[in-house]
>>> print(open('target17.txt').read())   # compact mmCIF, C-alpha atoms (C1' of nucleotides)
# COMPACT_ATOMS: atom_id res chain seq x y z
CA MET A 1 0.00 0.00 0.00
CA GLN A 2 1.24 3.41 -0.90
CA ILE A 3 0.26 6.87 0.15
CA SER A 4 -1.80 8.21 -2.75
CA SER A 5 -0.25 10.48 -5.32
CA ARG A 6 -2.63 13.21 -4.16
CA PHE A 7 0.03 14.07 -1.62
CA THR A 8 2.87 14.68 -4.07
CA ILE A 9 0.46 16.38 -6.46
CA ALA A 10 -0.62 18.73 -3.67
CA VAL A 11 2.97 19.69 -2.91
CA HIS A 12 3.60 20.18 -6.61
CA ALA A 13 0.57 22.46 -6.83
CA LEU A 14 1.68 24.57 -3.87
CA ILE A 15 5.14 25.03 -5.37
CA CYS A 16 3.52 26.06 -8.65
CA ILE A 17 1.39 28.65 -6.90
CA GLU A 18 4.36 30.21 -5.15
CA MET A 19 6.54 30.05 -8.21
CA PHE A 20 4.16 31.81 -10.59
CA LYS A 21 1.72 33.86 -8.56
CA ASN A 22 3.56 37.13 -9.23
CA ASP A 23 3.62 36.58 -12.97
CA ARG A 24 0.21 35.23 -13.84
CA LYS A 25 -3.12 34.04 -12.56
CA VAL A 26 -2.58 30.52 -11.30
CA THR A 27 -5.66 28.56 -12.40
CA SER A 28 -6.51 24.91 -11.96
CA ASP A 29 -5.89 24.44 -15.68
CA PHE A 30 -2.42 25.90 -15.37
CA ILE A 31 -1.49 23.73 -12.40
CA ALA A 32 -3.01 20.72 -14.15
CA SER A 33 -0.77 21.26 -17.17
CA SER A 34 2.34 21.36 -14.98
CA VAL A 35 1.36 18.27 -13.01
CA ASN A 36 -0.04 16.65 -16.14
CA VAL A 37 -3.36 15.49 -14.77
CA ASN A 38 -6.99 16.39 -15.37
CA PRO A 39 -7.92 19.88 -14.10
CA VAL A 40 -10.79 18.41 -12.08
CA VAL A 41 -8.28 16.43 -10.06
CA ILE A 42 -6.56 19.70 -9.18
CA ARG A 43 -9.84 21.40 -8.28
CA ARG A 44 -10.79 18.57 -5.97
CA LEU A 45 -7.37 18.78 -4.39
CA LEU A 46 -7.58 22.55 -3.93
CA GLN A 47 -10.89 22.10 -2.16
CA GLN A 48 -9.24 19.81 0.37
CA LEU A 49 -6.36 22.24 0.86
CA LYS A 50 -8.86 25.08 1.22
CA LYS A 51 -10.79 23.22 3.94
CA ALA A 52 -7.50 22.80 5.77
CA GLY A 53 -6.83 26.53 5.58
CA ILE A 54 -3.80 26.10 3.36
CA VAL A 55 -4.95 27.88 0.20
CA GLN A 56 -7.50 30.40 -1.01
CA VAL A 57 -9.36 29.80 -4.27
CA MET A 58 -11.00 32.69 -6.11
CA ARG A 59 -14.28 31.56 -7.54
CA GLY A 60 -15.51 33.30 -10.66
CA SER A 61 -12.50 35.45 -11.30
CA GLY A 62 -10.25 32.45 -10.94
CA GLY A 63 -6.83 31.88 -9.46
CA THR A 64 -5.30 30.44 -6.31
CA ASP A 65 -3.03 31.66 -3.55
CA THR A 66 -1.66 30.33 -0.32
CA ALA A 67 -3.68 31.25 2.76
CA ARG A 68 -0.72 31.61 5.10
CA PRO A 69 3.07 31.98 4.92
CA ILE A 70 4.58 28.93 3.30
CA ASP A 71 7.24 28.60 5.95
CA GLU A 72 4.31 27.77 8.23
CA ILE A 73 2.95 25.04 5.97
CA THR A 74 4.61 21.69 6.58
CA LEU A 75 4.43 18.49 4.57
CA LEU A 76 2.47 17.08 7.51
CA ASP A 77 -0.19 19.77 7.10
CA VAL A 78 -0.53 18.86 3.43
CA TYR A 79 -0.58 15.15 4.22
CA ASN A 80 -3.34 15.56 6.78
CA ALA A 81 -5.30 17.74 4.39
CA VAL A 82 -5.37 15.41 1.41
CA GLU A 83 -4.97 11.95 2.87
CA CYS A 84 -7.92 10.21 4.49
CA VAL A 85 -6.39 9.76 7.93
CA ASP A 86 -9.79 9.83 9.59
CA GLU A 87 -9.69 6.85 11.88
CA GLY A 88 -7.08 4.24 12.68
CA GLY A 89 -4.27 6.28 11.24
CA LEU A 90 -1.57 4.85 9.04
CA PHE A 91 -2.08 1.21 9.98
CA HIS A 92 -5.16 -0.85 9.29
CA PHE A 93 -5.93 -3.24 12.11
CA HIS A 94 -7.81 -6.50 11.58
CA GLU A 95 -11.12 -5.98 13.29
CA ASN A 96 -12.26 -9.07 15.13
CA PRO A 97 -9.51 -11.08 16.80
CA ASN A 98 -10.70 -14.02 18.88
CA GLN A 99 -11.32 -12.76 22.41
CA LEU A 100 -11.06 -16.29 23.77
CA CYS A 101 -7.41 -16.47 22.74
CA PRO A 102 -4.90 -14.74 25.02
CA VAL A 103 -3.14 -13.40 21.94
CA GLY A 104 -6.29 -12.26 20.17
CA ARG A 105 -7.53 -10.62 23.35
CA ASN A 106 -4.44 -8.45 23.84
CA ILE A 107 -2.86 -7.94 20.43
CA HIS A 108 -4.72 -4.72 19.86
CA ALA A 109 -3.64 -3.04 23.09
CA VAL A 110 -0.06 -4.20 22.69
CA LEU A 111 0.43 -3.27 19.06
CA ASP A 112 -1.41 0.03 19.16
CA VAL A 113 1.29 1.56 21.33
CA ARG A 114 4.07 0.49 18.98
CA LEU A 115 2.26 1.47 15.80
CA ASP A 116 1.48 4.85 17.28
CA GLU A 117 5.15 5.46 17.95
CA ILE A 118 6.00 4.57 14.37
CA GLN A 119 3.37 6.91 13.00
CA LYS A 120 4.55 9.65 15.34
CA ALA A 121 8.10 9.27 14.07
CA MET A 122 6.91 9.67 10.53
CA GLU A 123 4.76 12.68 11.37
CA LYS A 124 7.57 14.34 13.22
CA GLU A 125 9.78 14.08 10.16
CA MET A 126 7.00 15.33 7.90
CA GLY A 127 6.36 18.24 10.21
CA SER A 128 9.98 19.35 10.00
CA VAL A 129 9.86 20.15 6.29
CA THR A 130 8.01 23.24 5.04
CA ILE A 131 6.80 24.19 1.59
CA GLN A 132 9.33 27.03 1.80
CA ASP A 133 12.11 24.45 2.09
CA VAL A 134 10.89 22.61 -0.99
CA LEU A 135 10.45 25.87 -2.89
CA ASN A 136 14.01 26.91 -2.09
CA ASP A 137 15.32 23.61 -3.40
CA THR A 138 13.27 23.98 -6.57
CA LYS A 139 14.49 27.52 -7.24
CA ARG A 140 18.04 26.38 -6.80
CA LEU A 141 17.61 23.88 -9.62
CA ALA A 142 15.39 25.93 -11.89
CA MET B 143 -4.47 5.16 2.24
CA GLN B 144 -3.64 2.72 4.94
CA ILE B 145 -1.05 0.00 5.23
CA SER B 146 -2.94 -3.24 4.67
CA SER B 147 -4.09 -5.34 7.58
CA ARG B 148 -1.76 -8.08 6.35
CA PHE B 149 0.89 -6.41 8.45
CA THR B 150 -0.92 -6.54 11.78
CA ILE B 151 -2.19 -10.02 10.97
CA ALA B 152 1.37 -11.16 10.32
CA VAL B 153 2.55 -9.86 13.68
CA HIS B 154 -0.45 -11.49 15.34
CA ALA B 155 0.44 -14.79 13.68
CA LEU B 156 4.07 -14.62 14.81
CA ILE B 157 3.02 -13.94 18.40
CA CYS B 158 0.66 -16.90 18.21
CA ILE B 159 3.42 -19.17 16.97
CA GLU B 160 5.75 -18.20 19.81
CA MET B 161 3.03 -18.33 22.42
CA PHE B 162 1.79 -21.83 21.62
CA LYS B 163 4.56 -23.70 19.83
CA ASN B 164 5.59 -25.61 22.99
CA ASP B 165 2.06 -26.76 23.71
CA ARG B 166 0.62 -27.76 20.36
CA LYS B 167 1.14 -27.91 16.63
CA VAL B 168 0.50 -24.40 15.34
CA THR B 169 -1.43 -24.84 12.10
CA SER B 170 -2.88 -22.27 9.75
CA ASP B 171 -6.32 -23.22 11.02
CA PHE B 172 -5.30 -22.53 14.60
CA ILE B 173 -3.78 -19.16 13.78
CA ALA B 174 -6.81 -18.33 11.65
CA SER B 175 -9.14 -18.96 14.58
CA SER B 176 -7.16 -16.59 16.78
CA VAL B 177 -7.00 -13.85 14.15
CA ASN B 178 -10.53 -14.65 13.03
CA VAL B 179 -10.00 -14.83 9.31
CA ASN B 180 -10.07 -17.54 6.66
CA PRO B 181 -7.23 -20.09 7.00
CA VAL B 182 -6.22 -19.45 3.40
CA VAL B 183 -5.43 -15.85 4.28
CA ILE B 184 -3.02 -17.13 6.90
CA ARG B 185 -1.44 -19.63 4.53
CA ARG B 186 -0.82 -16.95 1.95
CA LEU B 187 0.69 -14.76 4.62
CA LEU B 188 2.93 -17.55 5.90
CA GLN B 189 4.22 -18.04 2.37
CA GLN B 190 5.32 -14.42 2.26
CA LEU B 191 6.96 -14.69 5.67
CA LYS B 192 8.63 -17.90 4.56
CA LYS B 193 10.08 -16.27 1.44
CA ALA B 194 11.51 -13.58 3.69
CA GLY B 195 13.18 -16.20 5.88
CA ILE B 196 11.08 -15.36 8.90
CA VAL B 197 9.17 -18.61 9.39
CA GLN B 198 9.32 -22.27 8.48
CA VAL B 199 6.19 -24.09 7.39
CA MET B 200 6.01 -27.86 7.58
CA ARG B 201 4.17 -29.20 4.58
CA GLY B 202 2.37 -32.49 4.97
CA SER B 203 2.90 -32.94 8.67
CA GLY B 204 1.71 -29.42 9.29
CA GLY B 205 2.69 -26.69 11.69
CA THR B 206 4.74 -23.51 11.70
CA ASP B 207 7.77 -22.19 13.53
CA THR B 208 9.95 -19.14 13.40
CA ALA B 209 13.06 -19.50 11.26
CA ARG B 210 15.30 -17.38 13.45
CA PRO B 211 15.38 -15.92 16.98
CA ILE B 212 12.48 -13.54 17.42
CA ASP B 213 14.67 -10.90 18.98
CA GLU B 214 16.23 -10.71 15.52
CA ILE B 215 12.91 -10.23 13.74
CA THR B 216 11.83 -6.60 13.67
CA LEU B 217 8.52 -5.07 12.66
CA LEU B 218 10.37 -3.70 9.64
CA ASP B 219 11.29 -7.21 8.54
CA VAL B 220 7.64 -8.22 8.75
CA TYR B 221 6.54 -5.06 6.98
CA ASN B 222 8.93 -5.60 4.10
CA ALA B 223 7.87 -9.23 3.86
CA VAL B 224 4.13 -8.75 3.55
CA GLU B 225 3.76 -5.27 2.11
CA CYS B 226 4.38 -4.71 -1.58
CA VAL B 227 7.20 -2.20 -1.22
CA ASP B 228 8.64 -3.16 -4.59
CA GLU B 229 9.22 0.19 -6.23
CA GLY B 230 8.77 3.78 -5.15
CA GLY B 231 8.46 2.90 -1.50
CA LEU B 232 5.89 4.43 0.79
CA PHE B 233 4.98 7.38 -1.40
CA HIS B 234 3.36 7.18 -4.79
CA PHE B 235 4.67 9.82 -7.15
CA HIS B 236 2.63 11.19 -10.05
CA GLU B 237 4.35 9.88 -13.11
CA ASN B 238 4.47 12.45 -15.86
CA PRO B 239 4.98 16.03 -14.70
CA ASN B 240 5.38 18.56 -17.50
CA GLN B 241 9.07 18.76 -18.37
CA LEU B 242 8.55 22.16 -19.97
CA CYS B 243 7.60 23.66 -16.61
CA PRO B 244 10.48 24.51 -14.24
CA VAL B 245 8.43 23.07 -11.39
CA GLY B 246 7.40 19.91 -13.21
CA ARG B 247 10.95 19.37 -14.39
CA ASN B 248 12.46 19.43 -10.90
CA ILE B 249 9.74 18.41 -8.47
CA HIS B 250 10.77 14.77 -8.59
CA ALA B 251 14.43 15.37 -7.73
CA VAL B 252 13.54 17.84 -5.00
CA LEU B 253 10.81 15.84 -3.30
CA ASP B 254 12.48 12.45 -3.55
CA VAL B 255 15.13 13.49 -1.06
CA ARG B 256 12.59 14.67 1.48
CA LEU B 257 10.26 11.71 1.05
CA ASP B 258 13.16 9.36 1.43
CA GLU B 259 14.07 10.93 4.76
CA ILE B 260 10.51 10.53 5.97
CA GLN B 261 10.40 6.90 4.97
CA LYS B 262 13.78 6.32 6.58
CA ALA B 263 12.48 7.78 9.84
CA MET B 264 9.56 5.42 9.78
CA GLU B 265 11.70 2.43 8.93
CA LYS B 266 14.16 3.25 11.66
CA GLU B 267 11.35 3.24 14.21
CA MET B 268 9.95 0.00 12.82
CA GLY B 269 13.36 -1.59 12.91
CA SER B 270 13.75 -0.79 16.59
CA VAL B 271 10.88 -3.02 17.70
CA THR B 272 11.28 -6.80 17.66
CA ILE B 273 8.71 -9.57 17.82
CA GLN B 274 10.31 -10.45 21.15
CA ASP B 275 9.33 -7.00 22.48
CA VAL B 276 5.74 -7.47 21.38
CA LEU B 277 5.67 -10.99 22.80
CA ASN B 278 6.91 -9.74 26.18
CA ASP B 279 4.16 -7.12 26.28
CA THR B 280 1.57 -9.72 25.38
CA LYS B 281 2.72 -12.15 28.08
CA ARG B 282 2.58 -9.38 30.63
CA LEU B 283 -1.12 -8.87 29.90
CA ALA B 284 -2.11 -12.49 29.34
C1' DC C 285 -24.68 39.19 -21.30
C1' DT C 286 -20.57 37.05 -22.42
C1' DT C 287 -16.44 34.96 -21.00
C1' DG C 288 -13.40 32.51 -18.08
C1' DT C 289 -13.19 30.00 -14.11
C1' DT C 290 -14.50 27.36 -10.03
C1' DG C 291 -17.46 23.83 -7.62
C1' DT C 292 -19.49 19.50 -7.90
C1' DA C 293 -22.10 15.60 -9.33
C1' DA C 294 -22.17 11.39 -11.97
C1' DC C 295 -20.06 7.67 -14.03
C1' DC C 296 -16.26 4.69 -15.67
C1' DG C 297 -12.24 1.61 -15.44
C1' DC C 298 -8.25 0.01 -12.99
C1' DG C 299 -5.95 -2.18 -9.47
C1' DG C 300 -5.32 -3.75 -4.71
C1' DT C 301 -7.41 -5.91 -0.73
C1' DT C 302 -10.06 -9.22 1.41
C1' DG C 303 -12.78 -13.33 1.62
C1' DG C 304 -13.93 -17.76 -0.14
C1' DT C 305 -14.06 -22.55 -2.61
C1' DA C 306 -11.79 -26.19 -4.57
C1' DC C 307 -8.31 -29.29 -5.22
C1' DA C 308 -3.66 -31.18 -5.98
C1' DT C 309 0.31 -32.14 -3.16
C1' DT C 310 2.74 -33.70 0.67
C1' DG C 311 4.41 -36.24 4.89
C1' DC C 312 3.11 -39.16 8.53
C1' DT C 313 1.18 -43.22 10.30
C1' DA C 314 -1.64 -47.07 10.92
C1' DT D 315 -0.04 -48.62 0.72
C1' DA D 316 -4.22 -46.42 1.96
C1' DG D 317 -5.96 -42.80 4.60
C1' DC D 318 -5.59 -38.59 7.09
C1' DA D 319 -4.35 -33.96 8.17
C1' DA D 320 -2.32 -30.23 6.60
C1' DT D 321 -0.11 -27.12 3.19
C1' DG D 322 0.28 -24.75 -1.48
C1' DT D 323 -2.10 -22.56 -4.97
C1' DA D 324 -5.30 -21.47 -8.61
C1' DC D 325 -9.41 -19.26 -9.40
C1' DC D 326 -13.36 -16.38 -8.37
C1' DA D 327 -16.18 -12.58 -6.41
C1' DA D 328 -17.10 -8.37 -3.85
C1' DC D 329 -15.66 -4.15 -2.45
C1' DC D 330 -13.31 0.26 -2.22
C1' DG D 331 -10.24 4.12 -3.27
C1' DC D 332 -8.09 6.38 -6.91
C1' DG D 333 -7.63 8.92 -11.09
C1' DG D 334 -9.97 10.21 -15.62
C1' DT D 335 -13.62 12.30 -17.86
C1' DT D 336 -17.81 14.69 -19.05
C1' DA D 337 -21.25 17.77 -17.99
C1' DC D 338 -23.17 21.56 -16.00
C1' DA D 339 -24.50 24.98 -12.41
C1' DA D 340 -22.59 28.99 -9.84
C1' DC D 341 -20.05 32.93 -9.93
C1' DA D 342 -17.14 37.35 -10.75
C1' DA D 343 -15.67 40.83 -13.84
C1' DG D 344 -15.39 43.29 -18.12
>>> encode(input="target17.txt", output="structure tokens")
Amino acid sequence: MQISSRFTIAVHALICIEMFKNDRKVTSDFIASSVNVNPVVIRRLLQQLKKAGIVQVMRGSGGTDTARPIDEITLLDVYNAVECVDEGGLFHFHENPNQLCPVGRNIHAVLDVRLDEIQKAMEKEMGSVTIQDVLNDTKRLA
Amino acid sequence: MQISSRFTIAVHALICIEMFKNDRKVTSDFIASSVNVNPVVIRRLLQQLKKAGIVQVMRGSGGTDTARPIDEITLLDVYNAVECVDEGGLFHFHENPNQLCPVGRNIHAVLDVRLDEIQKAMEKEMGSVTIQDVLNDTKRLA
DNA sequence: CTTGTTGTAACCGCGGTTGGTACATTGCTA
DNA sequence: TAGCAATGTACCAACCGCGGTTACAACAAG
């Protein structure tokens, strides 16, 4: 199982916005042509980022901008915005272990602690990288 | 996107094997009844663990055992064995960014480094927990 | 009112996961 | 050597999330 490409697409979109917002109106069509996906995919994505307070989208007139300074937007923020992390988190637990078995009865409690630590480690690393960092790297190459 | 339940089921199975192997023959049916899934699911899983050198499965006579000391089997080993981590790793990159766009041209190189660090952080945490650790916790509760 | 754009619903196809049946194969033992 | 218990595996079906696409209503500005 992989984390869906929505995540990398979202980061790509944010970099696009910051890279071009002074030169042109950054529309979903424009972003879509850079990412090379259907514009509707981008619009759906922007809606999720908007709900998370990461971007602003101008209806009617068109165009997108970030809703807060990009050195305050981490990869973790983007991940949480676009990935369905609703319940259970990163790991999917099997639902109905046998309660009559000493292993089945306790596996959930035992593993949950460990899995949580693993997820936390990942989130900590994600939270340490901002869109500003990624933008800087991109400008260096471009 | 979540990591498939194969992972937690695999850990559950390994704990079962260690917990009961001195008392009885640990068959796929027995494990299946503790996990509460179809025995075939367990057999498929055991094949993956076997290929990874984690367990031995006795054909014909039946039964399962670990192939090496369980304090040398980490959650990362199990994860790599049962999860399809073939290419690309944890993150799924969008394939065809526009090479004519300075963002599309460089996003892959820029993000890959960061994503790799995140995955490494997760793997490091996974590698620090052994089946022995989980077994100890389980015995404490049982 | 026209134009360009966003917001969203509806539907499709693909692939991965999970669950299940069936059966050949195998090793042990009576 | 026949029978039993178990594994190994092929095949099928249902489901779900994702990405692709079309279509169209809602909206802002010239």
>>> interface_residues(input="target17.txt", of="chain B", to="chain D", cutoff="7 Å", atoms="only C-alpha atoms (C1' of nucleotides)", output="PDB file with C-alpha atoms, in the frame of the given file")
ATOM      1  CA  ARG B 201       4.170 -29.200   4.580  1.00  0.00           C
ATOM      2  CA  GLY B 202       2.370 -32.490   4.970  1.00  0.00           C
ATOM      3  CA  SER B 203       2.900 -32.940   8.670  1.00  0.00           C
ATOM      4  CA  GLY B 204       1.710 -29.420   9.290  1.00  0.00           C
TER       5      GLY B 204
END
>>> atom_distance(input="target17.txt", atom1="CA of Gly127 in chain A", atom2="CA of Ile17 in chain A")
20.6 Å
>>> residues_around(input="target17.txt", residues="Asn36 in chain A", least_positions_apart="2", cutoff="8 Å", atoms="all atoms listed in the file", output="list in words")
Ala32, Ser33, Ser34 and Asn38 of chain A; Asn238, Pro239 and Asn240 of chain B
>>> interface_residues(input="target17.txt", of="chain B", to="chain C", cutoff="12 Å", atoms="all atoms listed in the file", output="number ranges by chain")
B: 143-148, 178-184, 200-205, 225-226
>>> closest_residue(input="target17.txt", among="A:Val26, A:Val78, A:Ile15, A:Ile73", to="chain B", atoms="only C-alpha atoms")
A:Ile15
>>> atom_distance(input="target17.txt", atom1="CA of Lys21 in chain A", atom2="CA of Thr130 in chain A")
18.4 Å
>>> closest_residue(input="target17.txt", among="B:Cys243, B:Ile273, B:Ala194, B:Ala152", to="chain A", atoms="only C-alpha atoms")
B:Cys243
>>> atom_distance(input="target17.txt", atom1="CA of Ile9 in chain A", atom2="CA of Val255 in chain B")
15.9 Å
>>> residues_near_point(input="target17.txt", point="(-1.0, 35.0, -8.1)", cutoff="12 Å", atoms="all atoms listed in the file", output="PyMOL selection string")
chain A and resi 14+16-27+30+55-58+61-67
>>> write_last_selection(input="target17.txt", atoms="C-alpha atoms", output="JSON list (two decimals), in the frame of the given file")
[["chain", "number", "residue", "atom", "x", "y", "z"],
["A", 14, "LEU", "CA", 1.68, 24.57, -3.87],
["A", 16, "CYS", "CA", 3.52, 26.06, -8.65],
["A", 17, "ILE", "CA", 1.39, 28.65, -6.90],
["A", 18, "GLU", "CA", 4.36, 30.21, -5.15],
["A", 19, "MET", "CA", 6.54, 30.05, -8.21],
["A", 20, "PHE", "CA", 4.16, 31.81, -10.59],
["A", 21, "LYS", "CA", 1.72, 33.86, -8.56],
["A", 22, "ASN", "CA", 3.56, 37.13, -9.23],
["A", 23, "ASP", "CA", 3.62, 36.58, -12.97],
["A", 24, "ARG", "CA", 0.21, 35.23, -13.84],
["A", 25, "LYS", "CA", -3.12, 34.04, -12.56],
["A", 26, "VAL", "CA", -2.58, 30.52, -11.30],
["A", 27, "THR", "CA", -5.66, 28.56, -12.40],
["A", 30, "PHE", "CA", -2.42, 25.90, -15.37],
["A", 55, "VAL", "CA", -4.95, 27.88, 0.20],
["A", 56, "GLN", "CA", -7.50, 30.40, -1.01],
["A", 57, "VAL", "CA", -9.36, 29.80, -4.27],
["A", 58, "MET", "CA", -11.00, 32.69, -6.11],
["A", 61, "SER", "CA", -12.50, 35.45, -11.30],
["A", 62, "GLY", "CA", -10.25, 32.45, -10.94],
["A", 63, "GLY", "CA", -6.83, 31.88, -9.46],
["A", 64, "THR", "CA", -5.30, 30.44, -6.31],
["A", 65, "ASP", "CA", -3.03, 31.66, -3.55],
["A", 66, "THR", "CA", -1.66, 30.33, -0.32],
["A", 67, "ALA", "CA", -3.68, 31.25, 2.76]]
>>> closest_residue(input="target17.txt", among="B:Gly246, B:Asp254, B:Asn278, B:Ile196", to="chain A", atoms="all atoms listed in the file")
B:Gly246
>>> closest_residue(input="target17.txt", among="B:Thr216, B:Gln190, B:Asn248, B:Asn222", to="chain A", atoms="only C-alpha atoms")
B:Asn248
>>> closest_residue(input="target17.txt", among="B:Leu218, B:Ile260, B:Leu277, B:Ala251", to="chain A", atoms="all atoms listed in the file")
B:Ile260
>>> closest_residue(input="target17.txt", among="B:Leu257, B:Val177, B:Glu237, B:Arg282", to="chain A", atoms="all atoms listed in the file")
B:Val177
>>> build_atoms(input="target17.txt", residues="range 96-115 of chain A", atoms="N, CA and C atoms", output="compact mmCIF listing (two decimals), in the frame of the given file")
# COMPACT_ATOMS: atom_id res chain seq x y z
N ASN A 96 -11.61 -8.19 14.15
CA ASN A 96 -12.26 -9.07 15.13
C ASN A 96 -11.39 -10.23 15.61
N PRO A 97 -10.29 -9.96 16.28
CA PRO A 97 -9.51 -11.08 16.80
C PRO A 97 -10.31 -11.86 17.84
N ASN A 98 -9.99 -13.12 17.97
CA ASN A 98 -10.70 -14.02 18.88
C ASN A 98 -10.43 -13.64 20.34
N GLN A 99 -11.48 -13.22 21.03
CA GLN A 99 -11.32 -12.76 22.41
C GLN A 99 -11.07 -13.91 23.38
N LEU A 100 -11.30 -15.13 22.91
CA LEU A 100 -11.06 -16.29 23.77
C LEU A 100 -9.59 -16.68 23.78
N CYS A 101 -8.85 -16.17 22.82
CA CYS A 101 -7.41 -16.47 22.74
C CYS A 101 -6.63 -15.36 23.44
N PRO A 102 -5.67 -15.75 24.29
CA PRO A 102 -4.90 -14.74 25.02
C PRO A 102 -4.14 -13.80 24.09
N VAL A 103 -3.80 -14.28 22.91
CA VAL A 103 -3.14 -13.40 21.94
C VAL A 103 -4.17 -12.46 21.31
N GLY A 104 -5.25 -13.06 20.82
CA GLY A 104 -6.29 -12.26 20.17
C GLY A 104 -6.87 -11.20 21.09
N ARG A 105 -6.92 -11.54 22.38
CA ARG A 105 -7.53 -10.62 23.35
C ARG A 105 -6.66 -9.38 23.57
N ASN A 106 -5.34 -9.53 23.45
CA ASN A 106 -4.44 -8.45 23.84
C ASN A 106 -3.64 -7.81 22.70
N ILE A 107 -3.70 -8.42 21.53
CA ILE A 107 -2.86 -7.94 20.43
C ILE A 107 -3.11 -6.47 20.11
N HIS A 108 -4.35 -6.09 20.21
CA HIS A 108 -4.72 -4.72 19.86
C HIS A 108 -4.05 -3.72 20.80
N ALA A 109 -4.22 -3.95 22.09
CA ALA A 109 -3.64 -3.04 23.09
C ALA A 109 -2.13 -2.97 22.97
N VAL A 110 -1.52 -4.14 22.75
CA VAL A 110 -0.06 -4.20 22.69
C VAL A 110 0.49 -3.50 21.45
N LEU A 111 -0.10 -3.81 20.31
CA LEU A 111 0.43 -3.27 19.06
C LEU A 111 0.14 -1.79 18.87
N ASP A 112 -1.02 -1.38 19.34
CA ASP A 112 -1.41 0.03 19.16
C ASP A 112 -0.33 0.99 19.64
N VAL A 113 0.25 0.69 20.78
CA VAL A 113 1.29 1.56 21.33
C VAL A 113 2.47 1.66 20.37
N ARG A 114 2.91 0.52 19.89
CA ARG A 114 4.07 0.49 18.98
C ARG A 114 3.77 1.18 17.66
N LEU A 115 2.62 0.89 17.10
CA LEU A 115 2.26 1.47 15.80
C LEU A 115 2.13 2.99 15.92
